[in-house]
Amino acid sequence: CVRFQGSASTDLPLSTNNLDGSHPTGAFDTPVPRGYLHLIGVGRVGSTERRVEAMVYRTPFPYALAASGGLTAQTGFDKNGKDFDIVTAAVLAVLKAKPESPVKVLTDGMTPVTAFIPTDRAFMNLVKSLTGKMPKSEQATFNAVAGLGIDKVEQILQYHVIPGATIMSPDALKANGAKLETALAGKVLKVSVKGTTITLTDYSKKPYAKVILSAVDINKDNAQVAHGIDKVLMPTK
């Protein structure tokens, strides 16, 4: 938080939002790196102009998850099956191929969504179920997932996103029987809760992916929140 003090009649707050890379130059021709907000307060004390500037890194989803110990794709793939490198890479791959994809909402930390994000191990198990062989690395897993085609990957990602709501884990634990409308048109996820076990049902109509209680409320201080799950939900067979 930046507080500008001075004459209320002369202060002129300016800001440039370059979260998505579309506004690389701010007020006074100041370069603004991608992912940053450039904030300026301009005022006068007598005849002297006072200017205060701040460059703030506003980490939107999915990068905010990396900052909070969730997603780690900023450092590439690794051998940790409990984090979220592959789903991050999938989001970035879709946006590279289709910049205006609905998946873009995941890079806008100001738009409320809840995302159920599969771990890297979940994606490895998906590839095994599709090919009959467990991939040897996260890179190999991502390659196999990407091989499904960008449109399919886009649909899978949308199926994991609940738009318009920030559902925190305490609320999720009270949501037994709820049907959540996903970002994929016409597709819903059904929630089953038994004790502290939260399970999501996909196209199979059977309890399938479990929410990982040690990986809930990721990015909780922002409009978007994520919960880790142990399987990849599929909208169709």
# chains A, B, ... in the order shown; residues from 1 in each chain; ligands from 1

call {"tool": "residues_around", "arguments": {"residues": "region 181-196 of chain A", "least_positions_apart": "6", "cutoff": "12 Å", "atoms": "only C-alpha atoms", "output": "PDB file with N, CA, C and O atoms, in the first residue's frame"}}
result
ATOM      1  N   SER A 101      -7.706 -16.947 -25.540  1.00  0.00           N
ATOM      2  CA  SER A 101      -8.422 -18.090 -24.971  1.00  0.00           C
ATOM      3  C   SER A 101      -9.085 -17.708 -23.651  1.00  0.00           C
ATOM      4  O   SER A 101      -8.556 -16.886 -22.898  1.00  0.00           O
ATOM      5  N   PRO A 102     -10.237 -18.313 -23.340  1.00  0.00           N
ATOM      6  CA  PRO A 102     -10.852 -18.080 -22.026  1.00  0.00           C
ATOM      7  C   PRO A 102      -9.920 -18.429 -20.864  1.00  0.00           C
ATOM      8  O   PRO A 102     -10.113 -17.935 -19.745  1.00  0.00           O
ATOM      9  N   VAL A 103      -8.913 -19.248 -21.131  1.00  0.00           N
ATOM     10  CA  VAL A 103      -7.936 -19.596 -20.094  1.00  0.00           C
ATOM     11  C   VAL A 103      -7.189 -18.352 -19.616  1.00  0.00           C
ATOM     12  O   VAL A 103      -6.621 -18.331 -18.523  1.00  0.00           O
ATOM     13  N   LYS A 104      -7.238 -17.305 -20.414  1.00  0.00           N
ATOM     14  CA  LYS A 104      -6.554 -16.060 -20.066  1.00  0.00           C
ATOM     15  C   LYS A 104      -7.001 -15.505 -18.722  1.00  0.00           C
ATOM     16  O   LYS A 104      -6.269 -14.764 -18.056  1.00  0.00           O
ATOM     17  N   VAL A 105      -8.211 -15.861 -18.304  1.00  0.00           N
ATOM     18  CA  VAL A 105      -8.715 -15.370 -17.017  1.00  0.00           C
ATOM     19  C   VAL A 105      -7.788 -15.769 -15.870  1.00  0.00           C
ATOM     20  O   VAL A 105      -7.712 -15.089 -14.846  1.00  0.00           O
ATOM     21  N   LEU A 106      -7.040 -16.841 -16.056  1.00  0.00           N
ATOM     22  CA  LEU A 106      -6.134 -17.312 -15.005  1.00  0.00           C
ATOM     23  C   LEU A 106      -4.926 -16.408 -14.826  1.00  0.00           C
ATOM     24  O   LEU A 106      -4.169 -16.561 -13.869  1.00  0.00           O
ATOM     25  N   VAL A 113     -12.068 -16.300  -9.460  1.00  0.00           N
ATOM     26  CA  VAL A 113     -12.241 -17.676  -9.918  1.00  0.00           C
ATOM     27  C   VAL A 113     -11.719 -18.608  -8.829  1.00  0.00           C
ATOM     28  O   VAL A 113     -10.923 -18.219  -7.981  1.00  0.00           O
ATOM     29  N   THR A 114     -12.190 -19.834  -8.881  1.00  0.00           N
ATOM     30  CA  THR A 114     -11.609 -20.909  -8.080  1.00  0.00           C
ATOM     31  C   THR A 114     -11.088 -21.948  -9.046  1.00  0.00           C
ATOM     32  O   THR A 114     -11.815 -22.369  -9.949  1.00  0.00           O
ATOM     33  N   ALA A 115      -9.841 -22.327  -8.886  1.00  0.00           N
ATOM     34  CA  ALA A 115      -9.247 -23.321  -9.769  1.00  0.00           C
ATOM     35  C   ALA A 115      -8.862 -24.561  -8.967  1.00  0.00           C
ATOM     36  O   ALA A 115      -8.275 -24.454  -7.887  1.00  0.00           O
ATOM     37  N   PHE A 116      -9.220 -25.716  -9.484  1.00  0.00           N
ATOM     38  CA  PHE A 116      -8.775 -26.986  -8.915  1.00  0.00           C
ATOM     39  C   PHE A 116      -7.616 -27.455  -9.789  1.00  0.00           C
ATOM     40  O   PHE A 116      -7.812 -27.796 -10.959  1.00  0.00           O
ATOM     41  N   ASP A 151      -6.573 -27.458 -28.387  1.00  0.00           N
ATOM     42  CA  ASP A 151      -8.005 -27.311 -28.098  1.00  0.00           C
ATOM     43  C   ASP A 151      -8.437 -28.230 -26.958  1.00  0.00           C
ATOM     44  O   ASP A 151      -9.212 -27.828 -26.087  1.00  0.00           O
ATOM     45  N   LYS A 152      -7.926 -29.461 -26.953  1.00  0.00           N
ATOM     46  CA  LYS A 152      -8.268 -30.406 -25.890  1.00  0.00           C
ATOM     47  C   LYS A 152      -7.686 -29.953 -24.556  1.00  0.00           C
ATOM     48  O   LYS A 152      -8.369 -30.008 -23.519  1.00  0.00           O
ATOM     49  N   VAL A 153      -6.444 -29.511 -24.580  1.00  0.00           N
ATOM     50  CA  VAL A 153      -5.806 -29.030 -23.353  1.00  0.00           C
ATOM     51  C   VAL A 153      -6.567 -27.819 -22.814  1.00  0.00           C
ATOM     52  O   VAL A 153      -6.804 -27.701 -21.603  1.00  0.00           O
ATOM     53  N   GLU A 154      -6.975 -26.944 -23.708  1.00  0.00           N
ATOM     54  CA  GLU A 154      -7.752 -25.769 -23.307  1.00  0.00           C
ATOM     55  C   GLU A 154      -9.048 -26.183 -22.611  1.00  0.00           C
ATOM     56  O   GLU A 154      -9.415 -25.636 -21.568  1.00  0.00           O
ATOM     57  N   GLN A 155      -9.742 -27.164 -23.162  1.00  0.00           N
ATOM     58  CA  GLN A 155     -10.988 -27.643 -22.561  1.00  0.00           C
ATOM     59  C   GLN A 155     -10.747 -28.250 -21.185  1.00  0.00           C
ATOM     60  O   GLN A 155     -11.525 -28.016 -20.247  1.00  0.00           O
ATOM     61  N   ILE A 156      -9.687 -29.025 -21.067  1.00  0.00           N
ATOM     62  CA  ILE A 156      -9.368 -29.642 -19.772  1.00  0.00           C
ATOM     63  C   ILE A 156      -9.102 -28.569 -18.727  1.00  0.00           C
ATOM     64  O   ILE A 156      -9.590 -28.649 -17.594  1.00  0.00           O
ATOM     65  N   LEU A 157      -8.342 -27.544 -19.091  1.00  0.00           N
ATOM     66  CA  LEU A 157      -8.041 -26.466 -18.150  1.00  0.00           C
ATOM     67  C   LEU A 157      -9.317 -25.726 -17.736  1.00  0.00           C
ATOM     68  O   LEU A 157      -9.537 -25.446 -16.554  1.00  0.00           O
ATOM     69  N   GLN A 158     -10.168 -25.422 -18.710  1.00  0.00           N
ATOM     70  CA  GLN A 158     -11.418 -24.726 -18.403  1.00  0.00           C
ATOM     71  C   GLN A 158     -12.296 -25.544 -17.453  1.00  0.00           C
ATOM     72  O   GLN A 158     -13.006 -24.986 -16.613  1.00  0.00           O
ATOM     73  N   TYR A 159     -12.219 -26.845 -17.593  1.00  0.00           N
ATOM     74  CA  TYR A 159     -13.038 -27.734 -16.778  1.00  0.00           C
ATOM     75  C   TYR A 159     -12.610 -27.709 -15.311  1.00  0.00           C
ATOM     76  O   TYR A 159     -13.356 -28.128 -14.431  1.00  0.00           O
ATOM     77  N   HIS A 160     -11.429 -27.196 -15.049  1.00  0.00           N
ATOM     78  CA  HIS A 160     -10.910 -27.116 -13.681  1.00  0.00           C
ATOM     79  C   HIS A 160     -11.139 -25.751 -13.040  1.00  0.00           C
ATOM     80  O   HIS A 160     -10.697 -25.517 -11.914  1.00  0.00           O
ATOM     81  N   VAL A 161     -11.803 -24.861 -13.765  1.00  0.00           N
ATOM     82  CA  VAL A 161     -11.978 -23.486 -13.288  1.00  0.00           C
ATOM     83  C   VAL A 161     -13.453 -23.188 -13.023  1.00  0.00           C
ATOM     84  O   VAL A 161     -14.310 -23.442 -13.870  1.00  0.00           O
ATOM     85  N   ILE A 162     -13.725 -22.636 -11.849  1.00  0.00           N
ATOM     86  CA  ILE A 162     -15.069 -22.204 -11.477  1.00  0.00           C
ATOM     87  C   ILE A 162     -15.063 -20.683 -11.491  1.00  0.00           C
ATOM     88  O   ILE A 162     -14.494 -20.038 -10.598  1.00  0.00           O
ATOM     89  N   PRO A 163     -15.666 -20.065 -12.515  1.00  0.00           N
ATOM     90  CA  PRO A 163     -15.604 -18.602 -12.626  1.00  0.00           C
ATOM     91  C   PRO A 163     -16.574 -17.895 -11.689  1.00  0.00           C
ATOM     92  O   PRO A 163     -17.596 -18.445 -11.281  1.00  0.00           O
ATOM     93  N   GLY A 164     -16.199 -16.666 -11.337  1.00  0.00           N
ATOM     94  CA  GLY A 164     -17.106 -15.801 -10.594  1.00  0.00           C
ATOM     95  C   GLY A 164     -17.188 -16.033  -9.105  1.00  0.00           C
ATOM     96  O   GLY A 164     -17.973 -15.377  -8.421  1.00  0.00           O
ATOM     97  N   ALA A 165     -16.394 -16.944  -8.582  1.00  0.00           N
ATOM     98  CA  ALA A 165     -16.478 -17.242  -7.148  1.00  0.00           C
ATOM     99  C   ALA A 165     -15.108 -17.610  -6.594  1.00  0.00           C
ATOM    100  O   ALA A 165     -14.335 -18.300  -7.255  1.00  0.00           O
ATOM    101  N   SER A 169     -11.524 -23.178   1.377  1.00  0.00           N
ATOM    102  CA  SER A 169     -11.693 -24.552   1.847  1.00  0.00           C
ATOM    103  C   SER A 169     -12.770 -24.718   2.926  1.00  0.00           C
ATOM    104  O   SER A 169     -13.495 -25.721   2.896  1.00  0.00           O
ATOM    105  N   PRO A 170     -12.931 -23.779   3.879  1.00  0.00           N
ATOM    106  CA  PRO A 170     -14.021 -23.968   4.850  1.00  0.00           C
ATOM    107  C   PRO A 170     -15.395 -24.038   4.186  1.00  0.00           C
ATOM    108  O   PRO A 170     -16.265 -24.801   4.617  1.00  0.00           O
ATOM    109  N   ASP A 171     -15.581 -23.242   3.128  1.00  0.00           N
ATOM    110  CA  ASP A 171     -16.851 -23.285   2.404  1.00  0.00           C
ATOM    111  C   ASP A 171     -16.974 -24.582   1.601  1.00  0.00           C
ATOM    112  O   ASP A 171     -18.058 -25.162   1.505  1.00  0.00           O
ATOM    113  N   ALA A 172     -15.856 -25.021   1.036  1.00  0.00           N
ATOM    114  CA  ALA A 172     -15.882 -26.264   0.266  1.00  0.00           C
ATOM    115  C   ALA A 172     -16.256 -27.458   1.143  1.00  0.00           C
ATOM    116  O   ALA A 172     -16.960 -28.375   0.700  1.00  0.00           O
ATOM    117  N   LEU A 173     -15.818 -27.431   2.385  1.00  0.00           N
ATOM    118  CA  LEU A 173     -16.137 -28.521   3.304  1.00  0.00           C
ATOM    119  C   LEU A 173     -17.626 -28.577   3.661  1.00  0.00           C
ATOM    120  O   LEU A 173     -18.110 -29.585   4.169  1.00  0.00           O
ATOM    121  N   LYS A 174     -18.339 -27.503   3.370  1.00  0.00           N
ATOM    122  CA  LYS A 174     -19.783 -27.456   3.628  1.00  0.00           C
ATOM    123  C   LYS A 174     -20.593 -27.634   2.343  1.00  0.00           C
ATOM    124  O   LYS A 174     -21.810 -27.444   2.358  1.00  0.00           O
ATOM    125  N   ALA A 175     -19.934 -27.989   1.252  1.00  0.00           N
ATOM    126  CA  ALA A 175     -20.580 -27.968  -0.060  1.00  0.00           C
ATOM    127  C   ALA A 175     -20.971 -29.354  -0.567  1.00  0.00           C
ATOM    128  O   ALA A 175     -21.058 -29.567  -1.785  1.00  0.00           O
ATOM    129  N   ASP A 202     -16.145 -36.081 -12.244  1.00  0.00           N
ATOM    130  CA  ASP A 202     -16.088 -35.590 -13.624  1.00  0.00           C
ATOM    131  C   ASP A 202     -17.108 -36.321 -14.493  1.00  0.00           C
ATOM    132  O   ASP A 202     -18.137 -36.793 -14.003  1.00  0.00           O
ATOM    133  N   TYR A 203     -16.823 -36.459 -15.784  1.00  0.00           N
ATOM    134  CA  TYR A 203     -17.785 -37.044 -16.732  1.00  0.00           C
ATOM    135  C   TYR A 203     -18.212 -38.456 -16.327  1.00  0.00           C
ATOM    136  O   TYR A 203     -19.311 -38.908 -16.660  1.00  0.00           O
ATOM    137  N   SER A 204     -17.360 -39.173 -15.601  1.00  0.00           N
ATOM    138  CA  SER A 204     -17.642 -40.557 -15.227  1.00  0.00           C
ATOM    139  C   SER A 204     -18.788 -40.675 -14.224  1.00  0.00           C
ATOM    140  O   SER A 204     -19.315 -41.769 -13.998  1.00  0.00           O
ATOM    141  N   LYS A 205     -19.152 -39.521 -13.610  1.00  0.00           N
ATOM    142  CA  LYS A 205     -20.229 -39.462 -12.619  1.00  0.00           C
ATOM    143  C   LYS A 205     -19.925 -40.282 -11.364  1.00  0.00           C
ATOM    144  O   LYS A 205     -20.820 -40.674 -10.624  1.00  0.00           O
ATOM    145  N   LYS A 206     -18.641 -40.553 -11.146  1.00  0.00           N
ATOM    146  CA  LYS A 206     -18.200 -41.248  -9.936  1.00  0.00           C
ATOM    147  C   LYS A 206     -17.211 -40.350  -9.198  1.00  0.00           C
ATOM    148  O   LYS A 206     -16.437 -39.632  -9.840  1.00  0.00           O
ATOM    149  N   PRO A 207     -17.231 -40.374  -7.856  1.00  0.00           N
ATOM    150  CA  PRO A 207     -16.232 -39.592  -7.106  1.00  0.00           C
ATOM    151  C   PRO A 207     -14.832 -39.929  -7.613  1.00  0.00           C
ATOM    152  O   PRO A 207     -14.459 -41.089  -7.693  1.00  0.00           O
ATOM    153  N   TYR A 208     -14.091 -38.900  -7.973  1.00  0.00           N
ATOM    154  CA  TYR A 208     -12.841 -39.156  -8.683  1.00  0.00           C
ATOM    155  C   TYR A 208     -11.642 -38.447  -8.060  1.00  0.00           C
ATOM    156  O   TYR A 208     -10.816 -39.068  -7.397  1.00  0.00           O
ATOM    157  N   ALA A 209     -11.552 -37.132  -8.251  1.00  0.00           N
ATOM    158  CA  ALA A 209     -10.369 -36.394  -7.790  1.00  0.00           C
ATOM    159  C   ALA A 209     -10.568 -35.866  -6.372  1.00  0.00           C
ATOM    160  O   ALA A 209     -11.593 -35.262  -6.062  1.00  0.00           O
ATOM    161  N   LYS A 210      -9.583 -36.103  -5.516  1.00  0.00           N
ATOM    162  CA  LYS A 210      -9.656 -35.614  -4.142  1.00  0.00           C
ATOM    163  C   LYS A 210      -8.863 -34.320  -3.993  1.00  0.00           C
ATOM    164  O   LYS A 210      -7.779 -34.172  -4.557  1.00  0.00           O
ATOM    165  N   VAL A 211      -9.439 -33.404  -3.229  1.00  0.00           N
ATOM    166  CA  VAL A 211      -8.736 -32.172  -2.896  1.00  0.00           C
ATOM    167  C   VAL A 211      -7.652 -32.494  -1.869  1.00  0.00           C
ATOM    168  O   VAL A 211      -7.898 -33.209  -0.890  1.00  0.00           O
ATOM    169  N   ILE A 212      -6.446 -32.007  -2.109  1.00  0.00           N
ATOM    170  CA  ILE A 212      -5.310 -32.274  -1.227  1.00  0.00           C
ATOM    171  C   ILE A 212      -5.322 -31.234  -0.104  1.00  0.00           C
ATOM    172  O   ILE A 212      -5.083 -30.048  -0.343  1.00  0.00           O
ATOM    173  N   LEU A 213      -5.612 -31.661   1.101  1.00  0.00           N
ATOM    174  CA  LEU A 213      -5.821 -30.727   2.203  1.00  0.00           C
ATOM    175  C   LEU A 213      -4.566 -29.925   2.555  1.00  0.00           C
ATOM    176  O   LEU A 213      -4.659 -28.839   3.135  1.00  0.00           O
ATOM    177  N   SER A 214      -3.408 -30.455   2.197  1.00  0.00           N
ATOM    178  CA  SER A 214      -2.176 -29.710   2.459  1.00  0.00           C
ATOM    179  C   SER A 214      -1.876 -28.704   1.358  1.00  0.00           C
ATOM    180  O   SER A 214      -0.874 -27.989   1.411  1.00  0.00           O
ATOM    181  N   LEU A 233      -9.166 -33.950 -13.936  1.00  0.00           N
ATOM    182  CA  LEU A 233     -10.588 -34.133 -14.266  1.00  0.00           C
ATOM    183  C   LEU A 233     -10.764 -34.048 -15.783  1.00  0.00           C
ATOM    184  O   LEU A 233     -10.212 -33.178 -16.446  1.00  0.00           O
ATOM    185  N   MET A 234     -11.557 -34.936 -16.324  1.00  0.00           N
ATOM    186  CA  MET A 234     -11.789 -34.971 -17.762  1.00  0.00           C
ATOM    187  C   MET A 234     -13.251 -34.631 -18.063  1.00  0.00           C
ATOM    188  O   MET A 234     -14.174 -35.255 -17.509  1.00  0.00           O
ATOM    189  N   PRO A 235     -13.477 -33.673 -18.960  1.00  0.00           N
ATOM    190  CA  PRO A 235     -14.860 -33.296 -19.288  1.00  0.00           C
ATOM    191  C   PRO A 235     -15.592 -34.338 -20.119  1.00  0.00           C
ATOM    192  O   PRO A 235     -16.817 -34.427 -20.088  1.00  0.00           O
ATOM    193  N   THR A 236     -14.819 -35.144 -20.879  1.00  0.00           N
ATOM    194  CA  THR A 236     -15.390 -36.221 -21.682  1.00  0.00           C
ATOM    195  C   THR A 236     -14.450 -37.414 -21.627  1.00  0.00           C
ATOM    196  O   THR A 236     -13.312 -37.301 -21.174  1.00  0.00           O
TER     197      THR A 236
END

call {"tool": "atom_distance", "arguments": {"atom1": "CA of Asp230 (chain A)", "atom2": "CA of Thr199 (chain A)"}}
result
9.8 Å

call {"tool": "atom_distance", "arguments": {"atom1": "CA of Leu95 (chain A)", "atom2": "CA of Met134 (chain A)"}}
result
27.1 Å
